[in-house]
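Below is structure.txt, holding compact mmCIF, C-alpha atoms.
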# COMPACT_ATOMS: atom_id res chain seq x y z
CA MET R 12 -25.68 18.62 -71.08
CA ALA R 13 -25.66 18.80 -67.35
CA SER R 14 -22.52 17.82 -65.47
CA ASN R 15 -22.39 14.80 -63.18
CA GLU R 16 -22.93 17.03 -60.16
CA GLN R 17 -26.16 18.29 -61.71
CA GLN R 18 -27.59 14.88 -62.58
CA LEU R 19 -31.06 14.19 -61.33
CA ASN R 20 -30.74 12.10 -58.21
CA LEU R 21 -33.78 11.76 -56.02
CA PHE R 22 -31.90 9.17 -54.01
CA LYS R 23 -28.86 11.17 -52.86
CA GLN R 24 -30.32 11.46 -49.36
CA GLY R 25 -30.93 7.71 -49.26
CA LEU R 26 -34.43 6.39 -49.79
CA ASN R 27 -35.94 9.58 -48.44
CA TRP R 28 -39.44 9.55 -49.86
CA ALA R 29 -40.96 11.55 -47.00
CA LEU R 30 -43.66 14.04 -47.95
CA PRO R 31 -41.60 17.17 -47.13
CA SER R 32 -38.87 16.19 -49.60
CA LEU R 33 -41.49 15.84 -52.33
CA LEU R 34 -43.10 19.18 -51.63
CA SER R 35 -39.93 21.25 -51.40
CA ASP R 36 -36.85 21.77 -53.52
CA ASN R 37 -33.73 23.66 -52.51
CA SER R 38 -32.14 23.79 -55.97
CA LYS R 39 -33.82 27.08 -56.83
CA PRO R 40 -36.51 28.81 -54.80
CA GLY R 41 -39.87 28.72 -56.56
CA MET R 42 -38.70 26.35 -59.29
CA PRO R 43 -38.39 22.65 -58.44
CA LEU R 44 -36.37 20.58 -60.91
CA TYR R 45 -38.99 17.86 -61.24
CA ASP R 46 -42.76 17.61 -61.38
CA ARG R 47 -43.69 16.99 -57.75
CA SER R 48 -47.41 16.37 -58.32
CA PHE R 49 -46.64 13.84 -61.07
CA LEU R 50 -44.25 11.98 -58.80
CA VAL R 51 -46.65 12.05 -55.84
CA ALA R 52 -49.44 10.64 -58.04
CA ILE R 53 -47.24 7.75 -59.22
CA ILE R 54 -46.05 6.87 -55.71
CA GLY R 55 -49.60 7.16 -54.42
CA LEU R 56 -50.90 4.78 -57.10
CA MET R 57 -48.17 2.26 -56.32
CA CYS R 58 -48.89 2.39 -52.58
CA PHE R 59 -52.62 2.04 -53.23
CA GLY R 60 -51.87 -0.85 -55.59
CA PHE R 61 -49.92 -2.60 -52.85
CA VAL R 62 -52.87 -2.33 -50.45
CA MET R 63 -55.35 -3.60 -53.05
CA VAL R 64 -53.10 -6.46 -54.20
CA MET R 65 -52.76 -7.55 -50.57
CA SER R 66 -56.53 -7.40 -50.12
CA ALA R 67 -57.47 -9.07 -53.42
CA SER R 68 -54.82 -11.80 -53.44
CA MET R 69 -55.20 -13.33 -49.96
CA PRO R 70 -57.88 -15.93 -50.86
CA GLU R 71 -56.02 -17.04 -53.99
CA ALA R 72 -52.68 -17.14 -52.18
CA THR R 73 -54.18 -19.25 -49.39
CA LYS R 74 -55.68 -21.66 -51.91
CA LEU R 75 -52.48 -22.07 -53.95
CA THR R 76 -49.76 -21.92 -51.30
CA GLY R 77 -51.38 -21.93 -47.86
CA ASP R 78 -49.78 -18.55 -47.14
CA PRO R 79 -52.25 -15.65 -47.46
CA PHE R 80 -49.36 -13.16 -47.80
CA TYR R 81 -47.55 -14.99 -50.63
CA PHE R 82 -48.45 -12.49 -53.36
CA MET R 83 -47.99 -9.56 -50.98
CA TYR R 84 -44.38 -10.58 -50.26
CA ARG R 85 -43.68 -10.88 -53.97
CA HIS R 86 -45.28 -7.50 -54.62
CA VAL R 87 -43.00 -5.94 -52.00
CA LEU R 88 -40.01 -7.31 -53.94
CA TYR R 89 -41.47 -5.85 -57.14
CA LEU R 90 -41.73 -2.44 -55.46
CA VAL R 91 -38.11 -2.69 -54.32
CA GLY R 92 -37.25 -3.46 -57.93
CA CYS R 93 -39.12 -0.30 -58.94
CA VAL R 94 -36.85 1.77 -56.69
CA VAL R 95 -33.74 0.21 -58.27
CA ILE R 96 -35.09 0.76 -61.79
CA ALA R 97 -35.99 4.37 -61.00
CA PHE R 98 -32.49 4.97 -59.68
CA PHE R 99 -30.83 3.75 -62.89
CA VAL R 100 -33.26 5.38 -65.33
CA LEU R 101 -32.86 8.76 -63.64
CA LYS R 102 -29.06 8.47 -63.93
CA PHE R 103 -29.04 8.36 -67.74
CA ASP R 104 -29.33 11.46 -69.90
CA VAL R 105 -32.27 11.51 -72.30
CA SER R 106 -29.75 11.57 -75.16
CA TYR R 107 -28.68 8.05 -74.16
CA TRP R 108 -32.15 6.72 -74.94
CA GLU R 109 -32.27 8.55 -78.25
CA LYS R 110 -28.85 7.32 -79.38
CA ASN R 111 -29.53 3.72 -78.39
CA SER R 112 -33.19 3.41 -79.38
CA GLY R 113 -32.33 1.18 -82.34
CA MET R 114 -30.16 -1.15 -80.24
CA LEU R 115 -32.84 -1.38 -77.56
CA MET R 116 -35.37 -2.31 -80.23
CA LEU R 117 -33.11 -5.06 -81.61
CA GLY R 118 -32.49 -6.36 -78.08
CA VAL R 119 -36.22 -6.70 -77.39
CA LEU R 120 -36.75 -8.41 -80.76
CA VAL R 121 -34.13 -11.01 -79.79
CA LEU R 122 -35.89 -11.57 -76.46
CA LEU R 123 -39.26 -11.92 -78.20
CA VAL R 124 -37.80 -14.64 -80.40
CA ALA R 125 -36.18 -16.30 -77.37
CA VAL R 126 -39.54 -16.43 -75.56
CA LEU R 127 -40.97 -18.63 -78.32
CA PHE R 128 -38.24 -21.24 -77.80
CA ILE R 129 -37.25 -21.11 -74.14
CA GLY R 130 -40.14 -19.19 -72.61
CA THR R 131 -42.27 -20.35 -69.68
CA SER R 132 -45.90 -21.23 -70.40
CA VAL R 133 -48.69 -20.06 -68.07
CA ASN R 134 -52.35 -20.84 -68.84
CA GLY R 135 -51.44 -21.88 -72.37
CA ALA R 136 -49.53 -18.70 -73.24
CA LYS R 137 -45.75 -18.63 -73.62
CA ARG R 138 -44.94 -15.03 -72.65
CA TRP R 139 -42.32 -15.19 -69.90
CA LEU R 140 -38.56 -15.62 -69.69
CA SER R 141 -37.46 -17.15 -66.39
CA LEU R 142 -34.33 -15.77 -64.73
CA GLY R 143 -34.05 -17.82 -61.55
CA PRO R 144 -37.05 -16.92 -59.34
CA ILE R 145 -37.90 -13.91 -61.56
CA ARG R 146 -40.13 -14.17 -64.62
CA ILE R 147 -40.01 -11.33 -67.15
CA GLN R 148 -42.83 -10.70 -69.61
CA VAL R 149 -40.97 -9.43 -72.66
CA ALA R 150 -44.12 -8.08 -74.31
CA GLU R 151 -44.33 -5.49 -71.50
CA MET R 152 -40.78 -4.37 -72.26
CA ALA R 153 -41.74 -4.15 -75.94
CA LYS R 154 -44.33 -1.44 -75.21
CA PHE R 155 -41.81 0.91 -73.63
CA VAL R 156 -38.93 0.18 -76.00
CA PHE R 157 -41.13 0.52 -79.07
CA ILE R 158 -42.27 3.98 -77.95
CA VAL R 159 -38.63 5.02 -77.48
CA TYR R 160 -37.74 3.59 -80.91
CA MET R 161 -40.68 5.36 -82.58
CA ALA R 162 -39.69 8.67 -80.98
CA GLY R 163 -36.14 8.30 -82.28
CA TYR R 164 -37.34 7.32 -85.75
CA LEU R 165 -39.77 10.23 -86.01
CA VAL R 166 -36.97 12.66 -85.16
CA ARG R 167 -34.51 11.13 -87.66
CA ARG R 168 -36.98 10.69 -90.51
CA HIS R 169 -39.43 13.50 -89.93
CA GLY R 170 -39.05 14.99 -93.42
CA GLU R 171 -39.26 11.61 -95.12
CA LEU R 172 -42.38 10.75 -93.13
CA ARG R 173 -44.19 13.85 -94.34
CA GLU R 174 -43.05 13.67 -97.96
CA ASN R 175 -43.48 10.05 -99.07
CA ARG R 176 -44.95 6.71 -98.10
CA LYS R 177 -41.59 5.05 -97.64
CA GLY R 178 -40.95 7.03 -94.48
CA PHE R 179 -44.43 6.17 -93.23
CA TYR R 180 -44.29 2.43 -93.80
CA LYS R 181 -40.80 1.77 -92.41
CA PRO R 182 -41.93 1.94 -88.76
CA ILE R 183 -45.07 0.02 -89.73
CA GLY R 184 -42.80 -2.80 -90.89
CA VAL R 185 -41.03 -2.80 -87.53
CA TYR R 186 -44.39 -2.78 -85.77
CA GLY R 187 -45.51 -5.70 -87.93
CA LEU R 188 -42.46 -7.71 -86.87
CA PHE R 189 -43.18 -6.96 -83.19
CA ALA R 190 -46.85 -7.83 -83.70
CA VAL R 191 -46.18 -11.21 -85.32
CA LEU R 192 -43.76 -12.28 -82.58
CA ILE R 193 -46.15 -11.17 -79.83
CA LEU R 194 -49.17 -12.83 -81.48
CA LEU R 195 -47.26 -16.11 -81.53
CA GLN R 196 -47.15 -16.06 -77.71
CA PRO R 197 -50.20 -15.24 -78.06
CA ASP R 198 -50.92 -11.74 -76.69
CA LEU R 199 -53.40 -9.71 -78.72
CA GLY R 200 -53.80 -7.07 -76.01
CA THR R 201 -50.19 -5.90 -76.27
CA VAL R 202 -50.42 -5.82 -80.07
CA VAL R 203 -53.46 -3.53 -79.82
CA VAL R 204 -51.65 -1.22 -77.36
CA LEU R 205 -48.62 -1.00 -79.67
CA PHE R 206 -50.88 -0.29 -82.64
CA VAL R 207 -52.67 2.57 -80.86
CA CYS R 208 -49.35 4.10 -79.76
CA THR R 209 -47.90 3.74 -83.28
CA VAL R 210 -50.90 5.29 -85.01
CA SER R 211 -51.09 8.13 -82.47
CA LEU R 212 -47.40 9.04 -82.77
CA LEU R 213 -47.49 8.94 -86.59
CA PHE R 214 -50.52 11.22 -86.54
CA LEU R 215 -48.83 13.65 -84.13
CA ALA R 216 -45.69 13.64 -86.29
CA GLY R 217 -47.72 14.89 -89.26
CA ALA R 218 -48.14 11.78 -91.37
CA ARG R 219 -50.19 12.25 -94.50
CA ILE R 220 -53.88 11.76 -93.80
CA ILE R 221 -54.40 9.23 -96.59
CA ASP R 222 -51.61 7.02 -95.22
CA PHE R 223 -52.93 7.46 -91.71
CA MET R 224 -56.51 6.46 -92.64
CA ALA R 225 -55.25 3.47 -94.64
CA LEU R 226 -53.27 2.26 -91.62
CA VAL R 227 -56.25 2.64 -89.27
CA LEU R 228 -58.49 0.73 -91.70
CA LEU R 229 -55.88 -2.02 -92.07
CA GLY R 230 -55.56 -2.28 -88.30
CA VAL R 231 -59.31 -2.59 -87.74
CA VAL R 232 -59.68 -5.23 -90.46
CA THR R 233 -56.72 -7.20 -89.11
CA PHE R 234 -58.12 -7.11 -85.58
CA ILE R 235 -61.50 -8.42 -86.80
CA LEU R 236 -59.82 -11.24 -88.72
CA LEU R 237 -57.68 -12.21 -85.72
CA VAL R 238 -60.83 -12.45 -83.62
CA LEU R 239 -62.84 -14.36 -86.21
CA PHE R 240 -60.20 -17.01 -86.87
CA GLU R 241 -59.33 -17.74 -83.23
CA PRO R 242 -62.15 -19.52 -81.33
CA TYR R 243 -61.15 -18.39 -77.83
CA ARG R 244 -61.03 -14.73 -78.96
CA MET R 245 -64.43 -15.11 -80.60
CA ARG R 246 -65.82 -16.52 -77.35
CA ARG R 247 -64.50 -13.50 -75.48
CA VAL R 248 -66.25 -11.12 -77.87
CA THR R 249 -69.57 -12.98 -77.78
CA SER R 250 -69.47 -13.34 -73.98
CA PHE R 251 -68.72 -9.63 -73.62
CA MET R 252 -71.81 -8.80 -75.71
CA ASP R 253 -74.09 -10.95 -73.51
CA PRO R 254 -72.26 -12.48 -70.52
CA TRP R 255 -75.53 -13.64 -68.90
CA GLU R 256 -76.21 -16.02 -71.79
CA ASP R 257 -73.55 -18.36 -70.36
CA PRO R 258 -72.88 -17.05 -66.81
CA PHE R 259 -71.05 -20.21 -65.70
CA GLY R 260 -69.03 -20.65 -68.90
CA SER R 261 -67.60 -18.04 -71.26
CA GLY R 262 -69.35 -15.19 -69.42
CA TYR R 263 -68.32 -16.28 -65.92
CA GLN R 264 -65.47 -13.82 -65.40
CA LEU R 265 -67.48 -10.81 -66.54
CA THR R 266 -70.64 -11.72 -64.61
CA GLN R 267 -68.64 -12.09 -61.40
CA SER R 268 -66.97 -8.73 -62.08
CA LEU R 269 -70.32 -7.03 -62.64
CA MET R 270 -71.66 -8.51 -59.40
CA ALA R 271 -68.64 -7.04 -57.59
CA TYR R 272 -69.46 -3.58 -58.92
CA GLY R 273 -73.11 -4.04 -57.97
CA ARG R 274 -72.22 -4.87 -54.38
CA GLY R 275 -69.94 -1.84 -54.16
CA ASP R 276 -72.70 0.73 -54.60
CA TRP R 277 -71.57 4.31 -53.77
CA PHE R 278 -69.11 3.80 -50.92
CA GLY R 279 -68.28 0.09 -51.08
CA GLN R 280 -68.33 -2.75 -48.59
CA GLY R 281 -65.13 -1.58 -46.90
CA LEU R 282 -61.49 -2.44 -47.49
CA GLY R 283 -60.97 -6.19 -47.28
CA ASN R 284 -64.69 -7.02 -47.34
CA SER R 285 -65.02 -8.18 -50.94
CA ILE R 286 -67.00 -11.39 -51.43
CA GLN R 287 -66.18 -11.86 -55.12
CA LYS R 288 -62.45 -12.24 -54.45
CA LEU R 289 -63.20 -15.34 -52.34
CA ALA R 290 -62.59 -17.76 -55.24
CA TYR R 291 -65.51 -16.38 -57.28
CA LEU R 292 -63.73 -13.76 -59.44
CA PRO R 293 -60.75 -15.16 -61.39
CA GLU R 294 -57.62 -12.99 -61.64
CA ALA R 295 -58.91 -10.77 -58.84
CA HIS R 296 -55.45 -9.36 -58.05
CA THR R 297 -54.32 -8.92 -61.68
CA ASP R 298 -56.61 -8.23 -64.64
CA PHE R 299 -59.80 -7.72 -62.58
CA ILE R 300 -58.42 -5.85 -59.59
CA PHE R 301 -60.54 -2.84 -60.54
CA ALA R 302 -63.69 -4.88 -59.82
CA VAL R 303 -62.39 -5.58 -56.31
CA ILE R 304 -61.71 -1.86 -55.88
CA GLY R 305 -65.27 -1.16 -56.96
CA GLU R 306 -66.70 -3.70 -54.51
CA GLU R 307 -64.63 -2.61 -51.53
CA LEU R 308 -64.45 1.16 -52.12
CA GLY R 309 -67.54 1.76 -54.26
CA PHE R 310 -68.19 4.28 -57.00
CA VAL R 311 -66.40 7.03 -55.11
CA GLY R 312 -63.28 4.87 -54.81
CA ILE R 313 -63.08 3.95 -58.48
CA ILE R 314 -63.60 7.58 -59.52
CA MET R 315 -60.67 8.64 -57.31
CA VAL R 316 -58.45 5.95 -58.83
CA LEU R 317 -59.42 6.96 -62.37
CA ILE R 318 -58.72 10.62 -61.60
CA ALA R 319 -55.22 9.72 -60.39
CA LEU R 320 -54.48 7.52 -63.44
CA PHE R 321 -55.71 10.06 -65.95
CA PHE R 322 -53.86 12.80 -64.09
CA VAL R 323 -50.63 10.89 -64.78
CA ALA R 324 -51.58 10.50 -68.45
CA ILE R 325 -52.53 14.17 -68.84
CA ARG R 326 -49.31 15.35 -67.17
CA ALA R 327 -47.33 13.19 -69.58
CA ILE R 328 -49.12 14.69 -72.58
CA ARG R 329 -48.68 18.18 -71.13
CA LEU R 330 -44.95 17.49 -70.82
CA GLY R 331 -44.97 16.51 -74.49
CA ASN R 332 -46.49 19.90 -75.37
CA LEU R 333 -43.88 21.77 -73.31
CA CYS R 334 -41.01 19.86 -74.91
CA LEU R 335 -42.38 20.50 -78.37
CA LYS R 336 -42.44 24.25 -77.69
CA MET R 337 -38.76 24.04 -76.69
CA GLN R 338 -37.82 22.21 -79.91
CA ARG R 339 -37.18 18.90 -78.12
CA PRO R 340 -39.01 16.50 -80.46
CA PHE R 341 -37.63 13.21 -79.13
CA GLU R 342 -38.62 14.05 -75.58
CA SER R 343 -42.00 15.25 -76.83
CA TYR R 344 -42.79 12.02 -78.70
CA VAL R 345 -41.72 9.87 -75.75
CA ALA R 346 -43.96 11.84 -73.39
CA TYR R 347 -46.89 11.67 -75.80
CA GLY R 348 -46.35 7.94 -76.29
CA VAL R 349 -46.22 7.14 -72.57
CA GLY R 350 -49.28 9.31 -71.88
CA ILE R 351 -51.29 7.59 -74.62
CA TRP R 352 -50.10 4.17 -73.40
CA VAL R 353 -51.18 4.77 -69.77
CA CYS R 354 -54.50 6.25 -70.83
CA PHE R 355 -55.38 3.54 -73.37
CA GLN R 356 -54.33 0.63 -71.14
CA THR R 357 -56.40 2.05 -68.30
CA VAL R 358 -59.44 2.39 -70.58
CA VAL R 359 -59.07 -1.19 -71.85
CA ASN R 360 -58.58 -2.71 -68.37
CA VAL R 361 -61.51 -0.82 -66.85
CA GLY R 362 -63.66 -1.28 -69.94
CA ALA R 363 -63.14 -5.06 -69.85
CA SER R 364 -64.03 -5.31 -66.17
CA ILE R 365 -67.29 -3.35 -66.56
CA GLY R 366 -68.36 -5.12 -69.76
CA MET R 367 -67.75 -2.23 -72.18
CA LEU R 368 -64.88 -3.99 -73.99
CA PRO R 369 -63.82 -7.61 -74.55
CA THR R 370 -61.34 -9.05 -72.06
CA LYS R 371 -57.77 -8.38 -73.23
CA GLY R 372 -55.61 -9.43 -70.28
CA LEU R 373 -54.05 -5.99 -69.78
CA THR R 374 -53.03 -4.88 -66.30
CA LEU R 375 -54.24 -1.72 -64.57
CA PRO R 376 -51.16 0.59 -64.63
CA PHE R 377 -49.26 0.85 -61.31
CA ILE R 378 -51.97 -1.09 -59.43
CA SER R 379 -52.34 -4.67 -60.71
CA TYR R 380 -50.10 -7.43 -59.42
CA GLY R 381 -47.25 -8.28 -61.78
CA GLY R 382 -43.57 -7.44 -61.71
CA SER R 383 -43.01 -6.94 -65.44
CA SER R 384 -45.84 -4.43 -65.84
CA LEU R 385 -44.87 -2.53 -62.71
CA TRP R 386 -41.17 -2.39 -63.59
CA VAL R 387 -41.72 -1.31 -67.18
CA MET R 388 -44.24 1.36 -66.20
CA THR R 389 -41.77 2.61 -63.59
CA ALA R 390 -39.01 2.89 -66.21
CA ALA R 391 -41.37 4.78 -68.52
CA VAL R 392 -42.56 7.36 -66.01
CA MET R 393 -39.06 7.84 -64.56
CA LEU R 394 -37.85 8.64 -68.06
CA LEU R 395 -40.53 11.33 -68.12
CA VAL R 396 -39.25 12.67 -64.79
CA ARG R 397 -35.75 12.79 -66.30
CA ILE R 398 -37.08 14.57 -69.41
CA ASP R 399 -38.86 17.14 -67.27
CA TYR R 400 -35.74 17.61 -65.15
CA GLU R 401 -33.56 18.39 -68.18
CA ARG R 402 -36.23 20.72 -69.56
CA ARG R 403 -36.41 22.66 -66.28
CA LEU R 404 -32.63 22.63 -65.86
CA SER R 405 -32.24 24.36 -69.22
CA PHE R 406 -34.22 27.32 -67.82
CA VAL R 407 -32.01 27.48 -64.72
CA GLN R 408 -28.82 27.42 -66.81
CA ALA R 409 -30.19 30.11 -69.11
CA VAL R 410 -30.67 32.53 -66.19

Rewritten as structure tokens:
Amino acid sequence: MASNEQQLNLFKQGLNWALPSLLSDNSKPGMPLYDRSFLVAIIGLMCFGFVMVMSASMPEATKLTGDPFYFMYRHVLYLVGCVVIAFFVLKFDVSYWEKNSGMLMLGVLVLLVAVLFIGTSVNGAKRWLSLGPIRIQVAEMAKFVFIVYMAGYLVRRHGELRENRKGFYKPIGVYGLFAVLILLQPDLGTVVVLFVCTVSLLFLAGARIIDFMALVLLGVVTFILLVLFEPYRMRRVTSFMDPWEDPFGSGYQLTQSLMAYGRGDWFGQGLGNSIQKLAYLPEAHTDFIFAVIGEELGFVGIIMVLIALFFVAIRAIRLGNLCLKMQRPFESYVAYGVGIWVCFQTVVNVGASIGMLPTKGLTLPFISYGGSSLWVMTAAVMLLVRIDYERRLSFVQAV
């Protein structure tokens, strides 16, 4: 393991995020110790998210507080928090996460239980723990911690997973416990994200196909039942199928989103010129920020954003492949899990805003307003930067 002097520290020159420092590396000519394009893409998405949150949130902020920059100021604090989180995550060896994956999982389970008793309710959902002026959405933490836990489990029990059903269904039991606690908040979107990550990682780890297919079937049936027996979820599904049937009721959010895309055309109305964000489109700076992007920047703008988001996901999956070739299974599973998470959550958020999928209340990674989502995503991608650093450092030390 690298010595303290060799620890990854992008902050040793202060908060020097200037472009030259990202495009050069003096550690070893021709071989930077971190993925510069990956890091530039993440910072670029966060900066773009700040601009779009400022643009999309002004009407809502004025209506609620009288200060059009209210959400912008809070988003700046969230971005400062991202820098602090990145600093600490990059300081820890990857082995720390592997050794403590079980304890992290238990810690999040305790917080999920605590939310049900002392959590703060917003719009009928009890999902947040309040720590002074800061509200933390524990379900967001659960996504990251569960991926780390699954990676650790798949390394420890790889043989058992391939040989018998006991090894396969143990992590399913843990997932089930997470799912029940999160559904009680309620938050079906996070449960679906966790399920997709769980199934994907079990498949990549070589689970038996019969167990894998049984789990997928069980997941689909459970999802259908959860929708059928909860009226508000059923309304979301029916409104998604034909939002124009009730454009001022259950289909209101989607119809307003579709009108935003229609106004955007190829090149958009221009930054700040959205009409739908003016009290017409609910959650314009959170769940439906992509519709505002489409209206203001047009088809070209949304394609550029999607390219950047999927670039991050693909680089994460590529890192998983590289780690697997170097016999680093824990790092590989974490990278795969984060890549699948970013990709799937992007698909669901965009799909909901364009009417391809039912509304799930999932944020657009790195762009939507919301401290919990932004902080947890930052921790996840910074862990990937740390993984890539240790992988590259091993080559340098071998020379």

What is the distance between atom CA of R:Met245 and atom CA of R:Trp139, in Å to one decimal? 24.6 Å

Determine the nearest neighbour of R:Ile304 from the options R:Ala271, R:Leu404, R:Leu265, R:Ala327, counting only C-alpha atoms. R:Ala271

Nearest to R:Arg173: which of R:Val238, R:Ala216, R:Leu330, R:Ala150 is it, counting only C-alpha atoms? R:Ala216

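The space separating atom CA of R:Arg397 from atom CA of R:Val105 comes to 7.1 Å.
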
Which of these residues is nearest to R:Leu205, using only C-alpha atoms: R:Pro340, R:Gly217, R:Gly273, R:Pro182?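 Of all the options, R:Pro182 lies closest to R:Leu205.
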
Distance query R:Tyr107 at most 12 Å, all atoms listed in the file, self and fewer than 5 positions along chain excluded, as a list in words: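 Close residues of R:Tyr107: Met12, Val100, Leu101, Lys102, Ser112, Gly113, Met114, Leu115, Val159, Gly163, Phe341, Glu342, Leu394, Arg397 and Ile398 of chain R.
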
Between R:His86, R:Arg167, R:Arg329, R:Lys288, which one has atoms that come closest to R:Trp386, using all atoms listed in the file? R:His86

Can you tell me which residues surround R:Ile314 at a distance of at most 12 Å, considering only C-alpha atoms, apart from same-chain residues fewer than 2 positions away, and format the answer as a list in words?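 Here the answer would be Trp277, Phe278, Phe301, Ile304, Gly305, Leu308, Gly309, Phe310, Val311, Gly312, Val316, Leu317, Ile318, Ala319, Leu320, Phe321, Phe322 and Val361 of chain R.
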
Can I get the selection written as a CSV table (one decimal), in the frame of the given file, with C-alpha atoms?
chain,number,residue,atom,x,y,z
R,277,TRP,CA,-71.6,4.3,-53.8
R,278,PHE,CA,-69.1,3.8,-50.9
R,301,PHE,CA,-60.5,-2.8,-60.5
R,304,ILE,CA,-61.7,-1.9,-55.9
R,305,GLY,CA,-65.3,-1.2,-57.0
R,308,LEU,CA,-64.4,1.2,-52.1
R,309,GLY,CA,-67.5,1.8,-54.3
R,310,PHE,CA,-68.2,4.3,-57.0
R,311,VAL,CA,-66.4,7.0,-55.1
R,312,GLY,CA,-63.3,4.9,-54.8
R,316,VAL,CA,-58.4,6.0,-58.8
R,317,LEU,CA,-59.4,7.0,-62.4
R,318,ILE,CA,-58.7,10.6,-61.6
R,319,ALA,CA,-55.2,9.7,-60.4
R,320,LEU,CA,-54.5,7.5,-63.4
R,321,PHE,CA,-55.7,10.1,-66.0
R,322,PHE,CA,-53.9,12.8,-64.1
R,361,VAL,CA,-61.5,-0.8,-66.8

Let me have the centre and edge lengths in Å, one decimal, of the box along x, y and z around every listed atom of stretch 289-304 of chain R with 3 Å of margin on each side, as lines of an AutoDock Vina configuration file.
center_x = -59.9
center_y = -9.8
center_z = -58.5
size_x = 17.2
size_y = 21.9
size_z = 18.3

If you count all atoms listed in the file, which residues fall within 12 Å of R:Met63, apart from same-chain ones fewer than 2 positions away, as an MDAnalysis selection string? chainID R and resid 56:61 65:69 82:83 86 281:285 288 295:297 299:308 312 316 375 377:380

Any chance you can output those residues with C-alpha atoms as a PDB file, in the coordinates of the input?
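What landed in part.pdb:
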ATOM      1  CA  LEU R  56     -50.900   4.780 -57.100  1.00  0.00           C
ATOM      2  CA  MET R  57     -48.170   2.260 -56.320  1.00  0.00           C
ATOM      3  CA  CYS R  58     -48.890   2.390 -52.580  1.00  0.00           C
ATOM      4  CA  PHE R  59     -52.620   2.040 -53.230  1.00  0.00           C
ATOM      5  CA  GLY R  60     -51.870  -0.850 -55.590  1.00  0.00           C
ATOM      6  CA  PHE R  61     -49.920  -2.600 -52.850  1.00  0.00           C
ATOM      7  CA  MET R  65     -52.760  -7.550 -50.570  1.00  0.00           C
ATOM      8  CA  SER R  66     -56.530  -7.400 -50.120  1.00  0.00           C
ATOM      9  CA  ALA R  67     -57.470  -9.070 -53.420  1.00  0.00           C
ATOM     10  CA  SER R  68     -54.820 -11.800 -53.440  1.00  0.00           C
ATOM     11  CA  MET R  69     -55.200 -13.330 -49.960  1.00  0.00           C
ATOM     12  CA  PHE R  82     -48.450 -12.490 -53.360  1.00  0.00           C
ATOM     13  CA  MET R  83     -47.990  -9.560 -50.980  1.00  0.00           C
ATOM     14  CA  HIS R  86     -45.280  -7.500 -54.620  1.00  0.00           C
ATOM     15  CA  GLY R 281     -65.130  -1.580 -46.900  1.00  0.00           C
ATOM     16  CA  LEU R 282     -61.490  -2.440 -47.490  1.00  0.00           C
ATOM     17  CA  GLY R 283     -60.970  -6.190 -47.280  1.00  0.00           C
ATOM     18  CA  ASN R 284     -64.690  -7.020 -47.340  1.00  0.00           C
ATOM     19  CA  SER R 285     -65.020  -8.180 -50.940  1.00  0.00           C
ATOM     20  CA  LYS R 288     -62.450 -12.240 -54.450  1.00  0.00           C
ATOM     21  CA  ALA R 295     -58.910 -10.770 -58.840  1.00  0.00           C
ATOM     22  CA  HIS R 296     -55.450  -9.360 -58.050  1.00  0.00           C
ATOM     23  CA  THR R 297     -54.320  -8.920 -61.680  1.00  0.00           C
ATOM     24  CA  PHE R 299     -59.800  -7.720 -62.580  1.00  0.00           C
ATOM     25  CA  ILE R 300     -58.420  -5.850 -59.590  1.00  0.00           C
ATOM     26  CA  PHE R 301     -60.540  -2.840 -60.540  1.00  0.00           C
ATOM     27  CA  ALA R 302     -63.690  -4.880 -59.820  1.00  0.00           C
ATOM     28  CA  VAL R 303     -62.390  -5.580 -56.310  1.00  0.00           C
ATOM     29  CA  ILE R 304     -61.710  -1.860 -55.880  1.00  0.00           C
ATOM     30  CA  GLY R 305     -65.270  -1.160 -56.960  1.00  0.00           C
ATOM     31  CA  GLU R 306     -66.700  -3.700 -54.510  1.00  0.00           C
ATOM     32  CA  GLU R 307     -64.630  -2.610 -51.530  1.00  0.00           C
ATOM     33  CA  LEU R 308     -64.450   1.160 -52.120  1.00  0.00           C
ATOM     34  CA  GLY R 312     -63.280   4.870 -54.810  1.00  0.00           C
ATOM     35  CA  VAL R 316     -58.450   5.950 -58.830  1.00  0.00           C
ATOM     36  CA  LEU R 375     -54.240  -1.720 -64.570  1.00  0.00           C
ATOM     37  CA  PHE R 377     -49.260   0.850 -61.310  1.00  0.00           C
ATOM     38  CA  ILE R 378     -51.970  -1.090 -59.430  1.00  0.00           C
ATOM     39  CA  SER R 379     -52.340  -4.670 -60.710  1.00  0.00           C
ATOM     40  CA  TYR R 380     -50.100  -7.430 -59.420  1.00  0.00           C
TER      41      TYR R 380
END

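Nearest to R:Ile193 of all the residues R:Arg138, R:Arg85, R:Arg47, R:Lys336 is R:Arg138, based on only C-alpha atoms.
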
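For R:Cys354, the list of residues within 9 Å, based on only C-alpha atoms and with local chain neighbours fewer than 5 positions off taken out, reads R:Leu320, R:Phe321, R:Val323, R:Ala324, R:Ile325, R:Val349, R:Val359.
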
Nearest to R:Val95 among R:Met337, R:Gly260, R:Leu395, R:Thr389, with distances taken over all atoms listed in the file: which residue is it?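 Ranking R:Met337, R:Gly260, R:Leu395, R:Thr389 by distance to R:Val95, first place goes to R:Thr389.
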